[in-house]
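Structure file structure_29.txt with compact mmCIF, C-alpha atoms and all ligand atoms:
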```
# COMPACT_ATOMS: atom_id res chain seq x y z
CA MET A 436 -16.52 -58.78 23.15
CA PRO A 437 -14.43 -55.99 24.68
CA GLU A 438 -15.80 -54.88 28.03
CA LEU A 439 -15.12 -51.89 30.26
CA PRO A 440 -11.41 -52.66 30.93
CA GLU A 441 -10.62 -53.27 27.25
CA MET A 442 -12.35 -50.08 26.11
CA GLU A 443 -10.78 -48.09 28.94
CA THR A 444 -7.35 -49.37 27.86
CA TYR A 445 -8.07 -48.29 24.29
CA ARG A 446 -9.21 -44.88 25.55
CA ARG A 447 -6.08 -44.32 27.62
CA LEU A 448 -3.68 -45.34 24.87
CA LEU A 449 -5.53 -43.54 22.08
CA SER A 450 -5.83 -40.33 24.12
CA ARG A 451 -2.04 -40.10 24.22
CA HIS A 452 -1.74 -40.45 20.47
CA ILE A 453 -4.70 -38.72 18.82
CA GLU A 454 -6.19 -36.25 21.29
CA GLY A 455 -5.68 -32.77 19.83
CA LYS A 456 -4.90 -34.22 16.39
CA VAL A 457 -6.79 -33.31 13.23
CA ILE A 458 -8.36 -36.04 11.09
CA ASN A 459 -6.99 -35.22 7.64
CA ASN A 460 -8.56 -38.09 5.74
CA SER A 461 -10.94 -41.01 6.17
CA ASN A 462 -11.90 -44.14 4.29
CA VAL A 463 -15.04 -46.15 4.75
CA ASN A 464 -15.00 -49.62 3.19
CA ARG A 465 -18.20 -50.83 4.78
CA GLU A 466 -21.11 -48.44 4.70
CA LYS A 467 -23.07 -50.56 7.18
CA SER A 468 -20.52 -49.70 9.88
CA ILE A 469 -21.59 -46.06 9.82
CA ASN A 470 -24.98 -44.34 10.12
CA VAL A 471 -24.86 -41.69 7.39
CA PRO A 472 -23.87 -41.77 3.69
CA ILE A 473 -20.11 -42.19 3.24
CA ASP A 474 -19.74 -38.73 1.64
CA THR A 475 -21.47 -37.06 4.55
CA PHE A 476 -19.39 -39.01 7.07
CA ILE A 477 -16.13 -37.97 5.42
CA THR A 478 -17.12 -34.32 4.88
CA GLU A 479 -18.24 -34.04 8.50
CA ILE A 480 -15.08 -35.44 10.07
CA VAL A 481 -12.19 -34.45 7.78
CA ASN A 482 -10.30 -31.37 9.04
CA LYS A 483 -11.93 -31.73 12.45
CA GLN A 484 -9.82 -32.09 15.55
CA ILE A 485 -10.37 -34.88 18.07
CA THR A 486 -10.71 -32.77 21.19
CA SER A 487 -11.11 -35.64 23.67
CA ILE A 488 -11.91 -39.32 23.95
CA GLU A 489 -14.38 -40.47 26.53
CA ARG A 490 -15.60 -43.94 27.49
CA ARG A 491 -19.14 -44.78 28.53
CA ALA A 492 -19.95 -48.46 29.20
CA LYS A 493 -18.43 -50.41 26.29
CA HIS A 494 -18.47 -47.37 23.99
CA LEU A 495 -15.79 -44.87 23.10
CA ILE A 496 -16.86 -41.35 22.25
CA PHE A 497 -14.53 -39.30 20.06
CA HIS A 498 -15.43 -35.65 20.58
CA LEU A 499 -14.81 -33.53 17.48
CA SER A 500 -14.06 -29.82 17.27
CA SER A 501 -17.33 -29.39 15.34
CA ASP A 502 -19.21 -30.43 18.49
CA LYS A 503 -20.30 -33.65 16.82
CA VAL A 504 -19.05 -37.01 18.08
CA LEU A 505 -18.10 -40.41 16.76
CA LEU A 506 -19.68 -43.10 18.89
CA LEU A 507 -17.84 -46.44 18.67
CA HIS A 508 -19.06 -49.86 19.75
CA LEU A 509 -16.79 -52.74 18.74
CA MET A 510 -19.35 -55.46 19.63
CA LEU A 511 -18.20 -59.05 18.98
CA GLY A 512 -14.95 -59.35 17.03
CA GLY A 513 -14.15 -55.67 16.58
CA TRP A 514 -10.74 -54.21 17.40
CA MET A 515 -8.48 -51.28 16.55
CA TYR A 516 -4.96 -50.66 15.35
CA PHE A 517 -3.11 -47.34 15.27
CA GLY A 518 0.02 -46.86 13.21
CA LYS A 519 1.61 -46.38 9.81
CA GLU A 520 0.26 -48.15 6.73
CA ASN A 521 3.31 -50.46 6.60
CA ASP A 522 2.76 -51.75 10.15
CA ALA A 523 -0.99 -52.24 9.79
CA PRO A 524 -2.34 -55.77 10.23
CA ASP A 525 -3.20 -57.59 7.02
CA ARG A 526 -6.93 -57.52 7.67
CA THR A 527 -9.94 -55.85 6.13
CA LYS A 528 -10.38 -52.40 7.62
CA GLN A 529 -13.99 -51.26 7.67
CA VAL A 530 -13.26 -47.66 8.63
CA ILE A 531 -9.98 -45.70 8.68
CA LEU A 532 -9.29 -42.32 10.27
CA SER A 533 -6.03 -40.75 9.07
CA PHE A 534 -3.74 -38.36 10.91
CA ASN A 535 -1.13 -37.58 8.24
CA ASP A 536 1.16 -40.64 8.13
CA LYS A 537 -0.62 -42.50 10.95
CA HIS A 538 -4.02 -44.10 10.79
CA LEU A 539 -6.58 -45.47 13.20
CA TYR A 540 -7.92 -48.69 11.72
CA PHE A 541 -11.23 -50.23 12.75
CA ILE A 542 -11.11 -53.96 12.07
CA GLY A 543 -13.68 -56.74 12.45
CA LEU A 544 -16.64 -54.38 12.59
CA ARG A 545 -19.38 -56.82 11.65
CA LEU A 546 -21.91 -55.97 14.32
CA GLY A 547 -19.78 -53.10 15.59
CA TYR A 548 -20.25 -49.55 14.41
CA ILE A 549 -18.91 -46.02 14.42
CA HIS A 550 -21.73 -43.49 14.29
CA LEU A 551 -21.58 -39.75 13.65
CA LEU A 552 -23.94 -38.06 16.10
CA SER A 553 -24.84 -34.66 17.45
CA GLN A 554 -24.56 -34.10 21.21
CA SER A 555 -28.32 -34.54 21.66
CA GLU A 556 -28.36 -37.73 19.56
CA LEU A 557 -25.49 -39.04 21.69
CA LYS A 558 -27.36 -38.30 24.87
CA GLN A 559 -30.40 -40.11 23.52
CA GLU A 560 -28.32 -43.07 22.35
CA LEU A 561 -26.73 -43.59 25.79
CA SER A 562 -29.78 -42.73 27.87
CA ASP A 563 -30.65 -46.32 28.78
CA LEU A 564 -27.29 -47.21 30.30
CA GLY A 565 -26.91 -48.06 33.97
CA PRO A 566 -24.24 -46.53 36.24
CA GLU A 567 -20.49 -46.78 35.62
CA PRO A 568 -19.17 -49.35 38.12
CA LEU A 569 -15.82 -47.59 38.55
CA GLY A 570 -17.38 -44.14 38.89
CA SER A 571 -16.83 -42.47 42.26
CA ASN A 572 -20.62 -42.12 42.64
CA PHE A 573 -20.98 -45.87 42.47
CA ASN A 574 -20.54 -46.56 46.18
CA GLU A 575 -22.09 -49.25 48.34
CA HIS A 576 -25.26 -47.21 48.68
CA ALA A 577 -25.62 -46.83 44.91
CA PHE A 578 -24.88 -50.53 44.48
CA LEU A 579 -27.63 -51.39 46.93
CA LYS A 580 -30.05 -49.10 45.11
CA THR A 581 -29.13 -50.69 41.77
CA PHE A 582 -29.39 -54.34 42.76
CA GLU A 583 -31.57 -54.60 45.85
CA GLY A 584 -34.55 -56.84 45.20
CA LYS A 585 -33.41 -57.81 41.69
CA ARG A 586 -34.75 -61.28 40.98
CA GLY A 587 -32.53 -62.10 38.06
CA ARG A 588 -29.54 -64.40 38.21
CA LEU A 589 -26.23 -62.74 39.00
CA LYS A 590 -24.78 -63.41 35.57
CA THR A 591 -27.70 -62.12 33.52
CA THR A 592 -28.17 -59.08 35.75
CA LEU A 593 -24.49 -58.10 35.78
CA VAL A 594 -24.30 -58.16 31.98
CA ASP A 595 -27.52 -56.14 31.59
CA GLN A 596 -26.23 -52.74 30.38
CA GLN A 597 -29.39 -51.01 31.57
CA VAL A 598 -28.71 -52.19 35.13
CA ILE A 599 -24.95 -51.60 35.26
CA ALA A 600 -22.73 -50.51 32.38
CA GLY A 601 -19.62 -52.11 30.92
CA ILE A 602 -19.67 -55.67 32.27
CA GLY A 603 -19.91 -58.60 29.86
CA ASN A 604 -19.46 -62.36 29.75
CA CYS A 605 -15.89 -62.51 30.97
CA TYR A 606 -15.86 -60.08 33.87
CA SER A 607 -19.27 -61.16 35.18
CA ASP A 608 -17.77 -64.63 35.76
CA GLU A 609 -14.58 -63.17 37.22
CA ILE A 610 -16.60 -60.97 39.59
CA CYS A 611 -18.73 -63.90 40.81
CA PHE A 612 -15.60 -65.99 41.33
CA GLU A 613 -13.92 -63.21 43.31
CA ALA A 614 -17.05 -62.82 45.46
CA LYS A 615 -17.25 -66.63 45.92
CA VAL A 616 -20.84 -66.78 44.68
CA LYS A 617 -22.21 -68.90 41.84
CA PRO A 618 -23.28 -66.85 38.79
CA ASP A 619 -26.65 -68.65 38.60
CA ARG A 620 -27.69 -67.49 42.07
CA LYS A 621 -30.31 -64.74 42.31
CA PHE A 622 -29.60 -61.29 43.69
CA ASN A 623 -32.57 -61.33 46.06
CA GLU A 624 -31.35 -64.60 47.58
CA LEU A 625 -27.85 -63.42 48.48
CA LYS A 626 -26.82 -63.11 52.12
CA GLU A 627 -25.85 -59.62 53.28
CA GLN A 628 -22.15 -60.46 53.34
CA GLU A 629 -22.28 -62.01 49.85
CA PHE A 630 -23.97 -58.87 48.58
CA LYS A 631 -21.16 -56.73 50.05
CA ASN A 632 -18.51 -59.04 48.64
CA LEU A 633 -20.07 -58.72 45.22
CA PHE A 634 -19.85 -54.92 45.38
CA GLN A 635 -16.16 -55.08 46.39
CA SER A 636 -15.47 -57.65 43.66
CA ILE A 637 -17.04 -55.51 40.93
CA LYS A 638 -14.68 -52.68 41.88
CA SER A 639 -11.55 -54.77 42.38
CA VAL A 640 -11.91 -57.09 39.36
CA LEU A 641 -12.59 -54.23 36.92
CA GLN A 642 -9.95 -51.94 38.40
CA THR A 643 -7.29 -54.67 38.24
CA ALA A 644 -8.22 -55.50 34.66
CA VAL A 645 -7.96 -51.81 33.67
CA THR A 646 -4.55 -51.57 35.33
CA ASN A 647 -3.48 -54.72 33.48
CA GLY A 648 -4.71 -53.50 30.09
CA GLY A 649 -7.66 -55.85 29.57
CA TYR A 650 -7.79 -59.03 27.49
CA MET A 651 -7.76 -57.94 23.80
CA GLU A 652 -5.62 -60.26 21.67
CA ASN A 653 -3.97 -57.68 19.44
CA PRO A 654 -1.80 -54.73 20.46
CA LEU A 655 -3.18 -51.28 19.63
CA LEU A 656 0.14 -50.06 18.26
CA GLN A 657 3.73 -51.07 17.79
CA GLY A 658 5.53 -51.66 21.07
CA ASP A 659 2.23 -51.79 23.00
CA LYS A 660 2.88 -54.20 25.87
CA LEU A 661 -0.17 -53.13 27.88
CA THR A 662 -3.14 -54.28 25.78
CA GLY A 663 -4.06 -57.88 26.61
CA SER A 664 -1.88 -58.25 29.71
CA GLN A 665 -4.91 -59.17 31.78
CA THR A 666 -5.50 -62.46 29.91
CA PRO A 667 -3.07 -64.65 31.94
CA SER A 668 -4.57 -63.20 35.15
CA LEU A 669 -8.13 -64.32 34.38
CA LYS A 670 -9.01 -66.78 37.13
CA ILE A 671 -12.16 -68.52 35.90
CA TYR A 672 -13.30 -67.37 32.44
CA ASN A 673 -12.67 -69.89 29.64
CA ARG A 674 -10.84 -72.19 32.08
CA GLU A 675 -13.21 -75.19 31.96
CA GLY A 676 -11.45 -78.37 33.12
CA GLN A 677 -8.52 -76.51 34.68
CA ASN A 678 -7.95 -76.45 38.42
CA CYS A 679 -9.39 -73.64 40.53
CA ILE A 680 -6.57 -71.44 41.81
CA ARG A 681 -8.29 -71.18 45.18
CA CYS A 682 -9.25 -74.77 46.00
CA ASN A 683 -7.88 -76.93 43.17
CA GLU A 684 -11.32 -78.28 42.16
CA LYS A 685 -12.02 -78.61 38.42
CA ILE A 686 -13.65 -75.53 36.91
CA ILE A 687 -16.94 -76.25 35.13
CA ARG A 688 -18.92 -74.52 32.41
CA ILE A 689 -22.67 -74.05 32.61
CA GLU A 690 -25.25 -72.16 30.58
CA ILE A 691 -27.27 -69.35 32.08
CA SER A 692 -29.95 -67.97 29.75
CA SER A 693 -27.91 -69.32 26.81
CA ARG A 694 -24.73 -67.55 27.93
CA LYS A 695 -21.70 -69.68 28.77
CA SER A 696 -20.54 -69.23 32.31
CA PHE A 697 -17.56 -70.66 34.20
CA LEU A 698 -17.45 -71.39 37.91
CA CYS A 699 -15.84 -73.47 40.61
CA PRO A 700 -18.45 -75.88 42.01
CA ASN A 701 -16.55 -76.10 45.29
CA CYS A 702 -15.52 -72.66 46.54
CA GLN A 703 -18.30 -70.59 44.95
CA GLN A 704 -21.51 -70.91 46.96
ZN ZN A 801 -12.50 -73.31 43.88
```
As a first step, turn the structure in this file into structure tokens.
Amino acid sequence: MPELPEMETYRRLLSRHIEGKVINNSNVNREKSINVPIDTFITEIVNKQITSIERRAKHLIFHLSSDKVLLLHLMLGGWMYFGKENDAPDRTKQVILSFNDKHLYFIGLRLGYIHLLSQSELKQELSDLGPEPLGSNFNEHAFLKTFEGKRGRLKTTLVDQQVIAGIGNCYSDEICFEAKVKPDRKFNELKEQEFKNLFQSIKSVLQTAVTNGGYMENPLLQGDKLTGSQTPSLKIYNREGQNCIRCNEKIIRIEISSRKSFLCPNCQQ
């Protein structure tokens, strides 16, 4: 599932191409992917300009000139492609937004959705989310306030969107690896230095992944060399049986509250 760096990469690339553009047509092939009748959805968005694209946690928010928004969550398996009809991937597109000869395709939206909301509905929808880890307000003090005394395991707490927003299965493992702590440890049992390392690792792992364009498999548009460039730089996630880049020990996979988690049994404490 795309996490903060993947959605931030989408936001940056899409902003360049569709911010300020008017949606001149739309197709919905899967009514379950939206929250209103198809007719209403299309009437409400066609001839509206996309004034800006914002990211919050793993969501993208497309602000429309009507003051309504489209709230996107790709969930597991969802992705996007932007381009002409001829270049589009040969896949089922659940929702399409058209900008004259170019189209934004939403693909693999099984659990994912794109919802048309008013500003107050949006606020309500996002009200449970924890702080943005890359936000300038999220400093060591805020980190301490967020996690101090938490009894949950690192992995399950880091992926809890109500505690901290945007981190999922992959980056929670990467963050624990960077901080040299095992993901099944508990927050309230960390030493002071480990706690500080974890804060630094959250910032550095996510920032690096954003810079590298995240891990999505498919490019967003033709000639896009950014999307997915983070994948070869992942140090621990999905690398069971390979050697740890830090100490050469074999990486293992464990389960933490039925989530798969990867760690080095030697250099993570
Ligand atoms: Zn190691």
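Taking CA of Ala600 in chain A and CA of Glu438 in chain A as the two end points, the separation is 9.3 Å.
Here CA of Gly455 in chain A stands at a distance of 25.3 Å from CA of Leu544 in chain A.
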>> Give me the residues near Ala614 in chain A as a VMD selection string, where near means some atom within 12 Å (using all atoms listed in the file) and where sequence neighbours in that chain fewer than 6 positions away do not count.
In response: chain A and resid 589 606 to 608 625 to 626 628 to 640 698 to 699 702 to 704
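Going from CA of Arg588 in chain A over to CA of Met510 in chain A, you cover 23.0 Å.
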> Which protein, DNA or RNA residues have an atom within 12 Å of ligand ZN 801 (chain A), counting only C-alpha atoms and all ligand atoms, as a PyMOL selection string?
Replying inline: chain A and resi 611-617+670-671+674+676-687+697-704
>> So that I can see what lies close to Leu552 in chain A, please list as a VMD selection string the residues with an atom at most 10 Å from it, counting all atoms listed in the file and leaving out residues fewer than 6 positions away in the same chain.
In response: chain A and resid 470 to 471 496 498 502 to 506 558 560
>> Counting only C-alpha atoms, which residues sit no farther than 10 Å from the position (-13.2, -37.3, 24.1) in the file's frame? I'd like them as a ChimeraX atom specification.
In response: /A:446,450,454-455,485-490,495-499,504-505
Neighbours of Gly648 in chain A within 10 Å (only C-alpha atoms; same-chain residues fewer than 3 positions away dropped), as a PDB file with C-alpha atoms, in the coordinates of the input?
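Printed below is part-v7.pdb as written:
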```pdb
ATOM      1  CA  PRO A 440     -11.410 -52.660  30.930  1.00  0.00           C
ATOM      2  CA  GLU A 441     -10.620 -53.270  27.250  1.00  0.00           C
ATOM      3  CA  MET A 442     -12.350 -50.080  26.110  1.00  0.00           C
ATOM      4  CA  GLU A 443     -10.780 -48.090  28.940  1.00  0.00           C
ATOM      5  CA  THR A 444      -7.350 -49.370  27.860  1.00  0.00           C
ATOM      6  CA  TYR A 445      -8.070 -48.290  24.290  1.00  0.00           C
ATOM      7  CA  ARG A 447      -6.080 -44.320  27.620  1.00  0.00           C
ATOM      8  CA  LEU A 448      -3.680 -45.340  24.870  1.00  0.00           C
ATOM      9  CA  GLN A 642      -9.950 -51.940  38.400  1.00  0.00           C
ATOM     10  CA  THR A 643      -7.290 -54.670  38.240  1.00  0.00           C
ATOM     11  CA  ALA A 644      -8.220 -55.500  34.660  1.00  0.00           C
ATOM     12  CA  VAL A 645      -7.960 -51.810  33.670  1.00  0.00           C
ATOM     13  CA  MET A 651      -7.760 -57.940  23.800  1.00  0.00           C
ATOM     14  CA  LYS A 660       2.880 -54.200  25.870  1.00  0.00           C
ATOM     15  CA  LEU A 661      -0.170 -53.130  27.880  1.00  0.00           C
ATOM     16  CA  THR A 662      -3.140 -54.280  25.780  1.00  0.00           C
ATOM     17  CA  GLY A 663      -4.060 -57.880  26.610  1.00  0.00           C
ATOM     18  CA  SER A 664      -1.880 -58.250  29.710  1.00  0.00           C
ATOM     19  CA  GLN A 665      -4.910 -59.170  31.780  1.00  0.00           C
ATOM     20  CA  THR A 666      -5.500 -62.460  29.910  1.00  0.00           C
TER      21      THR A 666
END
```
> Can you list, as a PyMOL selection string, every protein, DNA or RNA residue that comes within 12 Å of range 527-543 of chain A when you count all atoms listed in the file, leaving out same-chain residues fewer than 5 positions away?
Replying inline: chain A and resi 436+445+449+452-469+473+476-477+480-485+497+505+507-522+548-550+653+655-657
How big is the axis-aligned box, and where does its centre sit, when it encloses all atoms of range 678-695 of chain A listed in the file and has 4 Å added on every side, reported in Å to one decimal as AutoDock Vina command-line options?
```
--center_x -18.3 --center_y -73.1 --center_z 36.4 --size_x 31.4 --size_y 19.1 --size_z 27.2
```
>> Between A:Leu546, A:Leu557, A:Ala523, A:Val594, which residue has the minimum interatomic distance to Ile691 in chain A, considering all atoms listed in the file?
In response: A:Val594
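Of the residues under consideration (A:Ile610, A:Leu641, A:Leu551, A:Val598), A:Leu641 shows the shortest atom-to-atom contact distance to Gly570 in chain A when counting all atoms listed in the file.
Considering only C-alpha atoms, the residue among A:Ile689, A:Leu564, A:Leu569, A:Ile599 positioned nearest to Pro618 in chain A is A:Ile689.
The closest residue to Asn673 in chain A, picked from A:Asn647, A:Gln597, A:Ser692, A:Asn604 and counting all atoms listed in the file, is A:Asn604.
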> Quick one: of A:Asn623, A:Gln596, A:Thr591, A:Asn574, who's nearest to Ser696 in chain A, counting all atoms listed in the file?
Replying inline: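 With all atoms listed in the file as the atom set, the closest residue is A:Thr591.
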> In terms of the shortest atom-to-atom distance over all atoms listed in the file, which of A:Glu583, A:Asp595, A:Pro667, A:Ser501 is closest to Ser553 in chain A?
Replying inline: A:Ser501
